[in-house]
$ cat my_file-v3.txt   # compact mmCIF, C-alpha atoms
# COMPACT_ATOMS: atom_id res chain seq x y z
CA MET A 135 -33.33 -15.39 14.92
CA LYS A 136 -30.95 -16.35 12.14
CA ARG A 137 -27.94 -15.87 14.40
CA THR A 138 -29.54 -17.92 17.17
CA LEU A 139 -30.22 -20.81 14.79
CA LEU A 140 -26.69 -20.59 13.45
CA ALA A 141 -25.28 -20.69 16.97
CA GLY A 142 -27.33 -23.77 17.70
CA MET A 143 -26.16 -25.53 14.57
CA LEU A 144 -22.55 -24.71 15.38
CA ALA A 145 -22.99 -26.07 18.89
CA LEU A 146 -24.28 -29.37 17.50
CA LEU A 147 -21.38 -29.58 15.08
CA MET A 148 -18.98 -28.97 17.95
CA CYS A 149 -20.52 -31.76 20.01
CA PHE A 150 -20.02 -34.24 17.20
CA GLY A 151 -16.42 -33.11 16.70
CA VAL A 152 -17.00 -31.76 13.21
CA LEU A 153 -15.29 -28.46 13.99
CA SER A 154 -11.77 -29.08 15.22
CA PHE A 155 -11.54 -25.87 17.22
CA ALA A 156 -14.21 -26.67 19.78
CA GLY A 157 -15.52 -29.33 22.13
CA CYS A 158 -18.41 -29.98 24.49
CA GLY A 159 -19.06 -30.02 28.18
CA GLY A 160 -16.48 -27.43 29.17
CA ASP A 161 -13.41 -29.28 27.91
CA PRO A 162 -10.53 -27.94 30.09
CA GLU A 163 -8.19 -27.77 27.09
CA GLN A 164 -10.71 -25.74 25.14
CA LEU A 165 -11.23 -23.42 28.08
CA GLU A 166 -7.48 -22.73 28.19
CA THR A 167 -7.16 -22.09 24.45
CA VAL A 168 -6.63 -18.61 23.01
CA ARG A 169 -8.53 -18.30 19.74
CA ILE A 170 -7.56 -15.79 17.09
CA ILE A 171 -9.42 -14.67 13.96
CA ALA A 172 -7.21 -14.36 10.85
CA HIS A 173 -7.41 -14.22 7.06
CA SER A 174 -6.82 -17.54 5.29
CA GLU A 175 -3.77 -16.29 3.41
CA MET A 176 -1.97 -15.70 6.72
CA GLU A 177 -1.84 -19.38 7.65
CA ASP A 178 1.58 -20.31 6.23
CA VAL A 179 3.25 -17.55 8.24
CA LEU A 180 1.18 -17.53 11.40
CA GLU A 181 1.24 -21.27 12.10
CA PRO A 182 5.03 -21.57 12.66
CA PHE A 183 5.01 -18.17 14.40
CA PHE A 184 2.48 -19.29 16.98
CA GLN A 185 4.01 -22.76 17.28
CA LYS A 186 7.19 -21.05 18.44
CA PHE A 187 5.22 -19.05 21.01
CA MET A 188 3.54 -22.18 22.38
CA ALA A 189 6.88 -23.95 22.67
CA GLU A 190 8.09 -21.08 24.87
CA ASN A 191 4.80 -20.67 26.77
CA GLU A 192 3.53 -24.12 27.67
CA ASP A 193 0.54 -22.77 29.63
CA ILE A 194 -1.03 -21.30 26.50
CA ARG A 195 -2.59 -23.13 23.56
CA ILE A 196 -3.35 -21.08 20.45
CA GLU A 197 -5.93 -21.90 17.82
CA VAL A 198 -6.26 -19.67 14.76
CA LEU A 199 -9.64 -19.56 13.05
CA TYR A 200 -8.88 -18.83 9.43
CA GLY A 201 -11.39 -17.26 7.07
CA VAL A 202 -14.41 -17.38 9.38
CA ASP A 203 -17.07 -14.81 10.23
CA GLN A 204 -15.99 -13.57 13.64
CA LEU A 205 -19.45 -12.25 14.50
CA ASP A 206 -20.84 -15.75 14.07
CA GLN A 207 -18.04 -17.18 16.19
CA MET A 208 -19.00 -14.92 19.10
CA ASP A 209 -22.15 -17.00 19.55
CA THR A 210 -20.30 -20.30 19.96
CA GLN A 211 -19.48 -22.16 23.16
CA TYR A 212 -15.83 -21.20 22.84
CA PRO A 213 -15.71 -17.74 21.25
CA PRO A 214 -12.63 -16.06 19.79
CA ASP A 215 -10.42 -14.21 22.25
CA LEU A 216 -8.72 -11.91 19.72
CA LEU A 217 -10.80 -10.14 17.07
CA PHE A 218 -9.58 -8.47 13.87
CA ILE A 219 -11.12 -5.12 12.89
CA GLY A 220 -10.40 -1.92 10.98
CA ASN A 221 -10.77 1.64 12.22
CA VAL A 222 -13.55 2.33 9.72
CA GLN A 223 -15.65 -0.59 10.97
CA LEU A 224 -14.80 -0.27 14.66
CA ASP A 225 -17.62 2.07 15.73
CA SER A 226 -20.32 -0.42 14.84
CA ILE A 227 -18.92 -3.12 17.18
CA ALA A 228 -16.76 -1.11 19.61
CA HIS A 229 -18.75 -2.49 22.55
CA TYR A 230 -17.29 -5.94 21.82
CA PHE A 231 -13.72 -4.86 22.70
CA VAL A 232 -11.88 -4.69 26.02
CA ASP A 233 -10.04 -1.52 27.02
CA LEU A 234 -6.36 -2.41 26.57
CA ASN A 235 -4.98 0.51 28.60
CA PRO A 236 -5.10 -1.08 32.09
CA LEU A 237 -3.78 -4.37 30.67
CA MET A 238 -0.84 -2.56 29.08
CA GLU A 239 -0.08 -0.60 32.24
CA ASP A 240 -0.01 -3.81 34.25
CA TYR A 241 2.06 -5.65 31.64
CA PHE A 242 4.66 -2.90 31.17
CA GLY A 243 4.78 -1.84 34.81
CA GLY A 244 3.15 1.57 34.74
CA GLU A 245 1.41 4.24 32.69
CA ALA A 246 4.63 5.83 31.42
CA GLU A 247 6.01 2.48 30.33
CA ALA A 248 2.78 1.61 28.54
CA GLN A 249 2.83 5.00 26.81
CA ALA A 250 6.40 4.34 25.64
CA PHE A 251 5.11 1.22 23.89
CA MET A 252 2.22 3.14 22.34
CA ASP A 253 4.62 5.77 21.08
CA THR A 254 6.16 3.18 18.77
CA PHE A 255 3.04 3.30 16.59
CA LEU A 256 3.22 5.77 13.73
CA THR A 257 1.31 9.03 14.06
CA GLY A 258 -2.46 8.66 13.97
CA THR A 259 -2.60 4.90 13.58
CA ALA A 260 -3.19 3.72 17.15
CA GLU A 261 -5.15 6.88 17.94
CA SER A 262 -7.68 5.96 15.25
CA LEU A 263 -8.55 2.85 17.27
CA VAL A 264 -9.37 4.72 20.48
CA ARG A 265 -13.00 5.19 21.50
CA ASP A 266 -14.09 7.14 24.59
CA GLY A 267 -10.49 7.22 25.80
CA LYS A 268 -10.14 3.45 25.53
CA GLN A 269 -7.49 1.80 23.35
CA LEU A 270 -9.65 -0.98 21.92
CA VAL A 271 -7.38 -2.30 19.17
CA LEU A 272 -3.68 -2.24 18.27
CA PRO A 273 -2.90 -1.74 14.56
CA VAL A 274 -0.99 -4.45 12.72
CA ASN A 275 -1.69 -3.26 9.17
CA ALA A 276 -2.20 0.06 7.42
CA ASN A 277 -3.39 1.26 4.07
CA VAL A 278 -2.35 4.65 2.76
CA SER A 279 -3.17 6.29 -0.57
CA LEU A 280 -0.21 6.48 -2.94
CA LEU A 281 0.61 7.17 -6.57
CA TYR A 282 1.39 3.81 -8.18
CA TYR A 283 3.23 3.75 -11.50
CA ASN A 284 4.43 1.23 -14.06
CA GLU A 285 8.13 1.84 -14.65
CA ASP A 286 8.19 0.04 -18.00
CA LEU A 287 5.46 2.23 -19.49
CA PHE A 288 7.26 5.38 -18.34
CA ASP A 289 10.51 4.05 -19.77
CA ALA A 290 8.87 3.32 -23.13
CA GLU A 291 7.93 7.00 -23.43
CA GLU A 292 11.25 8.16 -21.97
CA LEU A 293 9.40 9.96 -19.21
CA ALA A 294 10.84 10.62 -15.76
CA TYR A 295 9.20 8.67 -12.96
CA PRO A 296 6.79 10.48 -10.62
CA THR A 297 8.38 12.28 -7.70
CA ASN A 298 7.10 13.24 -4.28
CA ASP A 299 6.69 16.87 -5.33
CA TRP A 300 4.34 16.24 -8.25
CA THR A 301 1.18 18.31 -8.50
CA LEU A 302 -2.06 17.28 -10.19
CA SER A 303 -0.87 19.19 -13.26
CA ASP A 304 2.10 16.81 -13.52
CA PHE A 305 -0.28 13.88 -13.08
CA VAL A 306 -2.53 15.13 -15.89
CA GLU A 307 0.31 15.99 -18.27
CA ASN A 308 2.00 12.62 -17.90
CA GLY A 309 -1.31 10.80 -17.97
CA LYS A 310 -2.10 12.32 -21.36
CA LYS A 311 1.30 11.33 -22.75
CA LEU A 312 0.87 7.76 -21.54
CA THR A 313 -2.60 7.26 -23.04
CA LYS A 314 -2.61 5.37 -26.38
CA GLN A 315 -5.22 4.68 -29.06
CA GLU A 316 -5.27 2.50 -32.15
CA ASP A 317 -8.09 2.57 -34.67
CA GLY A 318 -10.28 4.52 -32.29
CA ARG A 319 -9.80 2.16 -29.37
CA TYR A 320 -7.78 2.77 -26.25
CA THR A 321 -4.84 0.37 -25.92
CA GLN A 322 -3.20 2.01 -22.93
CA TRP A 323 -4.44 4.35 -20.21
CA GLY A 324 -2.42 7.00 -18.47
CA ALA A 325 -4.26 6.25 -15.22
CA SER A 326 -6.91 3.97 -13.80
CA THR A 327 -10.32 4.89 -12.40
CA THR A 328 -11.44 3.46 -9.08
CA GLN A 329 -15.15 2.72 -9.18
CA GLY A 330 -17.79 1.72 -6.68
CA TRP A 331 -16.30 3.16 -3.47
CA TRP A 332 -14.55 6.23 -2.06
CA GLY A 333 -11.05 4.92 -2.87
CA GLU A 334 -10.23 7.67 -5.37
CA TYR A 335 -12.90 10.36 -5.47
CA LEU A 336 -12.44 11.21 -1.77
CA ILE A 337 -8.71 11.75 -2.39
CA TYR A 338 -9.38 14.52 -4.89
CA ALA A 339 -11.98 16.16 -2.65
CA ARG A 340 -9.49 16.17 0.21
CA LEU A 341 -6.66 17.46 -2.00
CA PHE A 342 -8.77 20.51 -2.77
CA GLY A 343 -9.50 20.99 0.93
CA GLY A 344 -12.84 19.20 1.27
CA ASP A 345 -13.98 16.12 3.16
CA PHE A 346 -17.03 13.88 3.37
CA TYR A 347 -18.18 15.43 6.66
CA ASP A 348 -17.53 18.85 8.14
CA ALA A 349 -16.16 19.46 11.64
CA SER A 350 -19.65 19.09 13.11
CA GLY A 351 -20.22 15.71 11.47
CA ASN A 352 -22.58 17.00 8.79
CA LEU A 353 -22.38 15.92 5.15
CA ALA A 354 -20.06 18.26 3.23
CA LEU A 355 -20.56 17.08 -0.34
CA ASN A 356 -22.10 20.36 -1.48
CA THR A 357 -19.05 22.50 -0.72
CA PRO A 358 -16.72 24.23 -3.21
CA ALA A 359 -13.70 22.08 -2.32
CA PHE A 360 -15.56 18.78 -2.57
CA LYS A 361 -17.08 19.81 -5.89
CA GLN A 362 -13.65 20.74 -7.23
CA GLY A 363 -12.46 17.24 -6.45
CA ILE A 364 -15.43 15.60 -8.17
CA GLN A 365 -15.02 17.83 -11.22
CA PHE A 366 -11.37 16.74 -11.46
CA PHE A 367 -12.45 13.10 -11.16
CA LYS A 368 -14.84 13.58 -14.09
CA ASP A 369 -12.40 15.54 -16.25
CA LYS A 370 -9.81 12.78 -15.87
CA ALA A 371 -12.20 10.23 -17.36
CA GLU A 372 -14.48 12.34 -19.58
CA GLY A 373 -12.73 15.64 -20.29
CA PRO A 374 -11.36 16.68 -23.70
CA ASP A 375 -7.92 15.34 -22.72
CA LYS A 376 -9.15 12.23 -20.92
CA PHE A 377 -6.43 9.85 -19.77
CA ALA A 378 -8.41 7.36 -17.68
CA PRO A 379 -11.39 5.08 -18.38
CA ASN A 380 -14.97 5.79 -17.51
CA PRO A 381 -16.09 2.32 -16.39
CA GLY A 382 -19.76 3.18 -16.90
CA SER A 383 -19.40 4.44 -20.45
CA THR A 384 -20.84 2.49 -23.36
CA ALA A 385 -18.75 4.40 -25.91
CA VAL A 386 -16.89 2.22 -28.40
CA GLY A 387 -13.30 1.64 -27.38
CA GLN A 388 -13.85 2.80 -23.81
CA GLY A 389 -12.88 -0.51 -22.12
CA ASP A 390 -10.83 -0.17 -18.94
CA LEU A 391 -8.17 -2.71 -20.09
CA GLY A 392 -8.08 -4.46 -16.73
CA GLY A 393 -6.72 -1.78 -14.42
CA PHE A 394 -3.22 -1.24 -13.08
CA ALA A 395 -2.38 -4.94 -12.77
CA SER A 396 -3.05 -5.44 -16.49
CA ARG A 397 0.19 -3.56 -17.23
CA ARG A 398 -1.69 -1.47 -19.78
CA THR A 399 -2.36 1.32 -17.28
CA ALA A 400 0.53 3.59 -16.37
CA MET A 401 -0.66 4.99 -13.03
CA GLU A 402 -3.10 4.40 -10.24
CA LEU A 403 -3.84 7.16 -7.74
CA GLY A 404 -5.05 5.78 -4.44
CA GLY A 405 -4.73 2.01 -4.66
CA HIS A 406 -4.39 -0.31 -1.71
CA THR A 407 -1.37 -1.74 0.07
CA GLY A 408 -3.28 -5.02 0.25
CA ASN A 409 -2.66 -5.41 -3.49
CA TRP A 410 1.11 -5.50 -3.11
CA PRO A 411 1.42 -9.30 -2.84
CA SER A 412 -0.73 -9.85 -5.94
CA TYR A 413 1.23 -7.25 -7.93
CA ASN A 414 4.50 -8.90 -6.93
CA ALA A 415 3.17 -12.31 -7.92
CA LEU A 416 2.95 -11.15 -11.55
CA ASP A 417 5.94 -11.93 -13.77
CA ASN A 418 8.05 -8.98 -14.88
CA PHE A 419 5.79 -6.34 -13.36
CA ASN A 420 8.08 -3.42 -12.56
CA TRP A 421 6.11 -1.01 -10.44
CA ASN A 422 6.80 1.51 -7.73
CA VAL A 423 5.13 4.31 -5.79
CA ALA A 424 5.46 7.99 -5.00
CA MET A 425 3.55 10.30 -2.69
CA ILE A 426 0.26 11.46 -4.12
CA PRO A 427 0.32 14.71 -6.12
CA THR A 428 -0.94 17.86 -4.46
CA ALA A 429 -3.55 20.19 -5.90
CA ASP A 430 -1.84 23.15 -7.57
CA SER A 431 -4.24 25.56 -5.88
CA ASN A 432 -4.02 23.91 -2.45
CA PRO A 433 -0.50 22.57 -1.78
CA ASP A 434 -1.33 21.79 1.86
CA GLY A 435 -4.33 19.61 1.05
CA ILE A 436 -4.34 16.19 2.71
CA GLY A 437 -5.81 13.86 0.14
CA ALA A 438 -4.41 10.54 1.20
CA GLU A 439 -6.52 8.26 3.30
CA LEU A 440 -5.04 6.39 6.22
CA ALA A 441 -6.87 3.25 7.26
CA VAL A 442 -5.64 0.74 9.79
CA GLU A 443 -6.73 -2.64 11.07
CA GLY A 444 -5.56 -4.74 13.94
CA TYR A 445 -6.36 -6.93 16.92
CA GLY A 446 -8.26 -6.40 20.14
CA ILE A 447 -9.64 -8.62 22.90
CA TYR A 448 -13.28 -9.68 22.80
CA THR A 449 -15.30 -8.77 25.89
CA GLY A 450 -16.66 -12.32 25.91
CA ALA A 451 -13.21 -13.93 25.74
CA LEU A 452 -12.66 -16.80 28.13
CA ASN A 453 -8.92 -16.11 28.45
CA LYS A 454 -8.39 -12.35 28.51
CA GLU A 455 -5.08 -12.44 30.41
CA LYS A 456 -3.58 -15.09 28.14
CA ALA A 457 -5.04 -13.43 25.08
CA PHE A 458 -3.24 -10.24 26.04
CA ARG A 459 0.07 -12.10 26.31
CA VAL A 460 -0.47 -13.46 22.81
CA LEU A 461 -1.37 -9.96 21.59
CA MET A 462 1.90 -8.59 22.98
CA TYR A 463 3.78 -11.39 21.22
CA MET A 464 2.14 -10.35 17.96
CA PHE A 465 3.64 -6.89 18.49
CA SER A 466 7.09 -8.13 19.38
CA GLU A 467 9.81 -7.39 16.86
CA GLU A 468 9.51 -10.93 15.54
CA GLY A 469 5.75 -10.59 15.29
CA GLN A 470 5.94 -7.35 13.35
CA TYR A 471 8.38 -8.87 10.89
CA ALA A 472 6.09 -11.88 10.48
CA PHE A 473 3.12 -9.69 9.58
CA GLY A 474 5.35 -7.62 7.33
CA SER A 475 6.37 -10.75 5.44
CA LEU A 476 2.68 -11.25 4.62
CA GLY A 477 2.71 -7.98 2.72
CA ARG A 478 1.19 -6.04 5.60
CA LEU A 479 2.31 -2.47 6.19
CA VAL A 480 2.93 -2.62 9.94
CA PRO A 481 2.55 0.96 11.25
CA THR A 482 5.32 1.05 13.85
CA THR A 483 8.68 2.75 14.12
CA THR A 484 10.25 -0.71 14.64
CA TYR A 485 8.96 -2.04 11.33
CA ARG A 486 9.58 1.25 9.50
CA ASP A 487 13.22 1.36 10.61
CA HIS A 488 13.65 -2.31 9.67
CA VAL A 489 12.31 -1.71 6.16
CA LEU A 490 14.25 1.49 5.55
CA ALA A 491 17.48 -0.14 6.72
CA THR A 492 17.17 -2.63 3.86
CA PRO A 493 19.20 -1.42 0.84
CA TYR A 494 16.92 0.04 -1.84
CA GLU A 495 17.74 -2.49 -4.54
CA GLU A 496 17.22 -5.42 -2.18
CA ARG A 497 13.64 -4.47 -1.38
CA SER A 498 10.65 -6.07 -3.03
CA ASN A 499 8.28 -3.69 -4.79
CA PRO A 500 7.45 -1.03 -3.96
CA LYS A 501 11.06 -0.08 -3.39
CA ASN A 502 10.31 3.53 -2.57
CA MET A 503 9.24 2.81 1.00
CA GLU A 504 10.52 6.24 2.02
CA ALA A 505 7.56 7.68 0.10
CA VAL A 506 5.16 5.26 1.79
CA PHE A 507 6.14 6.25 5.32
CA ALA A 508 6.35 9.94 4.40
CA GLN A 509 2.81 9.75 2.99
CA MET A 510 1.56 8.15 6.19
CA GLU A 511 2.74 11.19 8.12
CA LYS A 512 0.80 13.45 5.74
CA SER A 513 -2.46 11.54 5.68
CA ALA A 514 -5.78 11.70 7.48
CA VAL A 515 -7.76 8.79 8.83
CA LEU A 516 -11.05 7.99 7.19
CA PRO A 517 -14.26 9.15 8.87
CA THR A 518 -15.22 6.89 11.75
CA ASP A 519 -18.96 7.40 11.41
CA PRO A 520 -20.41 3.86 11.39
CA ASN A 521 -22.43 4.67 8.24
CA PHE A 522 -19.53 6.13 6.26
CA GLN A 523 -18.60 2.97 4.35
CA ALA A 524 -22.12 2.30 3.23
CA VAL A 525 -23.15 5.82 2.28
CA ALA A 526 -19.84 6.72 0.59
CA GLY A 527 -20.13 3.58 -1.51
CA ALA A 528 -23.14 2.95 -3.71
CA PRO A 529 -25.43 5.85 -2.68
CA VAL A 530 -22.86 8.57 -3.42
CA TYR A 531 -20.72 6.79 -5.99
CA ASN A 532 -23.75 5.98 -8.13
CA THR A 533 -24.42 9.70 -8.46
CA ILE A 534 -20.78 10.22 -9.47
CA ALA A 535 -21.12 7.53 -12.15
CA THR A 536 -24.21 9.33 -13.41
CA PHE A 537 -22.30 12.62 -13.47
CA LEU A 538 -19.45 11.03 -15.44
CA ASN A 539 -21.96 9.95 -18.06
CA GLY A 540 -23.64 13.31 -18.45
CA GLY A 541 -26.57 12.69 -16.15
CA TYR A 542 -26.34 16.09 -14.42
CA ALA A 543 -26.00 19.51 -15.99
CA ASP A 544 -22.97 20.42 -13.91
CA VAL A 545 -21.13 19.67 -10.69
CA ASP A 546 -23.56 21.82 -8.69
CA ALA A 547 -26.44 19.63 -9.81
CA TRP A 548 -24.38 16.58 -8.95
CA ALA A 549 -23.72 17.90 -5.43
CA GLU A 550 -27.41 18.41 -4.78
CA ALA A 551 -28.22 14.91 -6.06
CA ALA A 552 -25.39 13.30 -4.10
CA THR A 553 -26.38 15.04 -0.88
CA LYS A 554 -30.00 13.94 -1.31
CA ALA A 555 -28.92 10.35 -2.06
CA ALA A 556 -26.77 10.31 1.05
CA GLU A 557 -29.50 11.83 3.22
CA ASP A 558 -32.09 9.40 1.88
CA TYR A 559 -29.84 6.48 2.66
CA LEU A 560 -29.04 7.73 6.17
CA ALA A 561 -32.74 8.16 6.86
CA THR A 562 -33.21 4.43 6.31
CA VAL A 563 -30.58 3.50 8.92
CA SER A 564 -31.27 6.14 11.56

$ encode --input "my_file-v3.txt" --output "structure tokens"
Amino acid sequence: MKRTLLAGMLALLMCFGVLSFAGCGGDPEQLETVRIIAHSEMEDVLEPFFQKFMAENEDIRIEVLYGVDQLDQMDTQYPPDLLFIGNVQLDSIAHYFVDLNPLMEDYFGGEAEAQAFMDTFLTGTAESLVRDGKQLVLPVNANVSLLYYNEDLFDAEELAYPTNDWTLSDFVENGKKLTKQEDGRYTQWGASTTQGWWGEYLIYARLFGGDFYDASGNLALNTPAFKQGIQFFKDKAEGPDKFAPNPGSTAVGQGDLGGFASRRTAMELGGHTGNWPSYNALDNFNWNVAMIPTADSNPDGIGAELAVEGYGIYTGALNKEKAFRVLMYMFSEEGQYAFGSLGRLVPTTTYRDHVLATPYEERSNPKNMEAVFAQMEKSAVLPTDPNFQAVAGAPVYNTIATFLNGGYADVDAWAEAATKAAEDYLATVS
């Protein structure tokens, strides 16, 4: 009902010309327009990029809808043609996307030629956007877990920077050395603590060989490997040699000091590539990355998450053929460089080779892009279960916060409580 009312209100606004991207009565120009959903911060780069395309393709008009709710836009008279979605969210709205495979085969001149294009995407990225054999979305951005570090804080202690062959023991030892106190209060942390979502705790569980679900799709929180990861997460923030904050603690002097961007935290394990532009906007913030440390007892553990997001064509699009031409332009070499300039990690061999060909000292931070791309090859996509985001967030993380603050006798008790919390939540959405 709410969505229907909203659609009606939007239609009235369109008729009175309040919204510049639409019209009334089947306006021919509107019917020929390709509409694209995009984040607001992309506007300065995307506008000249698409203006160039329109100058070279006079039969296509492009309108970018910045910072809008794309689900709401689907109900309008002139819906978006190209939708933006991540692999974690895709399952819940997969039915809204067109299968790109036949369009690519027609565009490139055959199945082999289309496959050659798909082979330019880095391992696992495009595959994570396939459902029932259909390529629904093409990835234009990736996030991969990394070990972030503040070079200045390492320099101050005359410590060597993290390397790609670090283990968790190296992480702990350096974290302890980089943690500072004055008058009983922490003034510097060796590492941050990611709270409220799976962004860090799932890394440790995976490093020890666990995962959120088992191969059959069942919850796997109450397994030895997952419990090892959660115990490490607690020890880092509440063990005798703690070197990271416990955000939920009320202990005097426990404050988290503002996280990695505060420049009073030496390392962040996990992080998000989406933070790169904001880190680089800070004055005199000298930071870099390495591959995430491995568990000493499980050197082959894959802890890093790999999440991707990209564009696909809406099943209700009015201009599917033209939308596909625009989509292909977005994945041209020029398009990939444009998205890369926005701080996006474009997961293609074209963009990777472009970045790695840039001399190390001429790169913006993080300079160690070799580690970034190497980590992508050693990472696993997040679970695609449509309920994963919700259940791995508050229901499970709240039990972890309780465990950090002594609410359970041991990690076994935590695992039982976390599994019950997850099952209770899933029962409400089944």

$ atom_distance --input "my_file-v3.txt" --atom1 "CA of Gly373 (chain A)" --atom2 "CA of Gly309 (chain A)"
12.6 Å

$ closest_atom_pairs --input "my_file-v3.txt" --of "region 208-324 of chain A" --to "region 422-428 of chain A" --cutoff "12 Å" --atoms "all atoms listed in the file" --output "Markdown table"
| residue | atom | partner | partner_atom | distance |
| --- | --- | --- | --- | --- |
| A:Val278 | CA | A:Met425 | CA | 9.8 |
| A:Ser279 | CA | A:Ile426 | CA | 7.1 |
| A:Leu280 | CA | A:Ile426 | CA | 5.1 |
| A:Leu281 | CA | A:Ile426 | CA | 5.0 |
| A:Tyr282 | CA | A:Val423 | CA | 4.5 |
| A:Tyr283 | CA | A:Asn422 | CA | 5.7 |
| A:Asn284 | CA | A:Asn422 | CA | 6.8 |
| A:Glu285 | CA | A:Asn422 | CA | 7.1 |
| A:Asp286 | CA | A:Asn422 | CA | 10.5 |
| A:Leu287 | CA | A:Asn422 | CA | 11.9 |
| A:Phe288 | CA | A:Asn422 | CA | 11.3 |
| A:Tyr295 | CA | A:Ala424 | CA | 8.8 |
| A:Pro296 | CA | A:Ala424 | CA | 6.3 |
| A:Thr297 | CA | A:Ala424 | CA | 5.8 |
| A:Asn298 | CA | A:Met425 | CA | 4.9 |
| A:Asp299 | CA | A:Pro427 | CA | 6.8 |
| A:Trp300 | CA | A:Pro427 | CA | 4.8 |
| A:Thr301 | CA | A:Pro427 | CA | 4.4 |
| A:Leu302 | CA | A:Pro427 | CA | 5.4 |
| A:Ser303 | CA | A:Pro427 | CA | 8.5 |
| A:Asp304 | CA | A:Pro427 | CA | 7.9 |
| A:Phe305 | CA | A:Pro427 | CA | 7.0 |
| A:Val306 | CA | A:Pro427 | CA | 10.2 |

$ atom_distance --input "my_file-v3.txt" --atom1 "CA of Ala354 (chain A)" --atom2 "CA of Gly333 (chain A)"
17.2 Å

$ residues_around --input "my_file-v3.txt" --residues "region 531-543 of chain A" --least-positions-apart "6" --cutoff "12 Å" --atoms "all atoms listed in the file" --output "PyMOL selection string"
chain A and resi 327-336+355+361+363-373+376+378-385+523-525+549-556

$ closest_residue --input "my_file-v3.txt" --among "A:Ser564, A:Asn502, A:Val222, A:Val198" --to "Pro182 (chain A)" --atoms "only C-alpha atoms"
A:Val198

$ atom_distance --input "my_file-v3.txt" --atom1 "CA of Ile227 (chain A)" --atom2 "CA of Ile170 (chain A)"
17.0 Å

$ decode --input "my_file-v3.txt" --residues "region 510-553 of chain A" --atoms "C-alpha atoms" --output "mmCIF file, in the first residue's frame"
data_model
loop_
_atom_site.group_PDB
_atom_site.id
_atom_site.type_symbol
_atom_site.label_atom_id
_atom_site.label_comp_id
_atom_site.auth_asym_id
_atom_site.auth_seq_id
_atom_site.Cartn_x
_atom_site.Cartn_y
_atom_site.Cartn_z
ATOM 1 C CA MET A 510 41.336 -10.978 -4.256
ATOM 2 C CA GLU A 511 42.649 -14.217 -5.737
ATOM 3 C CA LYS A 512 42.748 -15.762 -2.252
ATOM 4 C CA SER A 513 39.330 -14.672 -1.056
ATOM 5 C CA ALA A 514 35.867 -16.159 -0.890
ATOM 6 C CA VAL A 515 32.622 -14.429 -1.744
ATOM 7 C CA LEU A 516 30.201 -13.763 1.062
ATOM 8 C CA PRO A 517 27.227 -16.090 1.509
ATOM 9 C CA THR A 518 24.472 -15.313 -0.975
ATOM 10 C CA ASP A 519 21.613 -16.404 1.273
ATOM 11 C CA PRO A 520 19.148 -13.488 1.167
ATOM 12 C CA ASN A 521 18.970 -13.447 4.985
ATOM 13 C CA PHE A 522 22.731 -13.443 5.569
ATOM 14 C CA GLN A 523 23.164 -9.680 5.964
ATOM 15 C CA ALA A 524 20.384 -9.363 8.477
ATOM 16 C CA VAL A 525 21.134 -12.404 10.613
ATOM 17 C CA ALA A 526 24.926 -11.920 10.609
ATOM 18 C CA GLY A 527 24.407 -8.350 11.774
ATOM 19 C CA ALA A 528 22.505 -7.567 14.947
ATOM 20 C CA PRO A 529 21.181 -11.041 15.897
ATOM 21 C CA VAL A 530 24.612 -12.705 15.896
ATOM 22 C CA TYR A 531 26.814 -9.697 16.576
ATOM 23 C CA ASN A 532 24.811 -8.772 19.666
ATOM 24 C CA THR A 533 25.692 -12.159 21.156
ATOM 25 C CA ILE A 534 29.362 -11.509 20.331
ATOM 26 C CA ALA A 535 29.190 -8.141 22.113
ATOM 27 C CA THR A 536 27.702 -9.921 25.117
ATOM 28 C CA PHE A 537 30.505 -12.492 24.999
ATOM 29 C CA LEU A 538 33.145 -9.742 24.879
ATOM 30 C CA ASN A 539 31.676 -8.287 28.048
ATOM 31 C CA GLY A 540 31.595 -11.528 29.999
ATOM 32 C CA GLY A 541 27.981 -12.415 29.364
ATOM 33 C CA TYR A 542 28.684 -16.094 28.608
ATOM 34 C CA ALA A 543 30.808 -18.532 30.569
ATOM 35 C CA ASP A 544 32.874 -19.526 27.548
ATOM 36 C CA VAL A 545 32.881 -19.680 23.767
ATOM 37 C CA ASP A 546 30.797 -22.864 23.799
ATOM 38 C CA ALA A 547 28.024 -21.047 25.635
ATOM 39 C CA TRP A 548 28.346 -18.186 23.177
ATOM 40 C CA ALA A 549 27.982 -20.567 20.209
ATOM 41 C CA GLU A 550 24.780 -22.019 21.603
ATOM 42 C CA ALA A 551 23.358 -18.539 22.242
ATOM 43 C CA ALA A 552 24.413 -17.242 18.825
ATOM 44 C CA THR A 553 22.905 -20.222 17.028
#
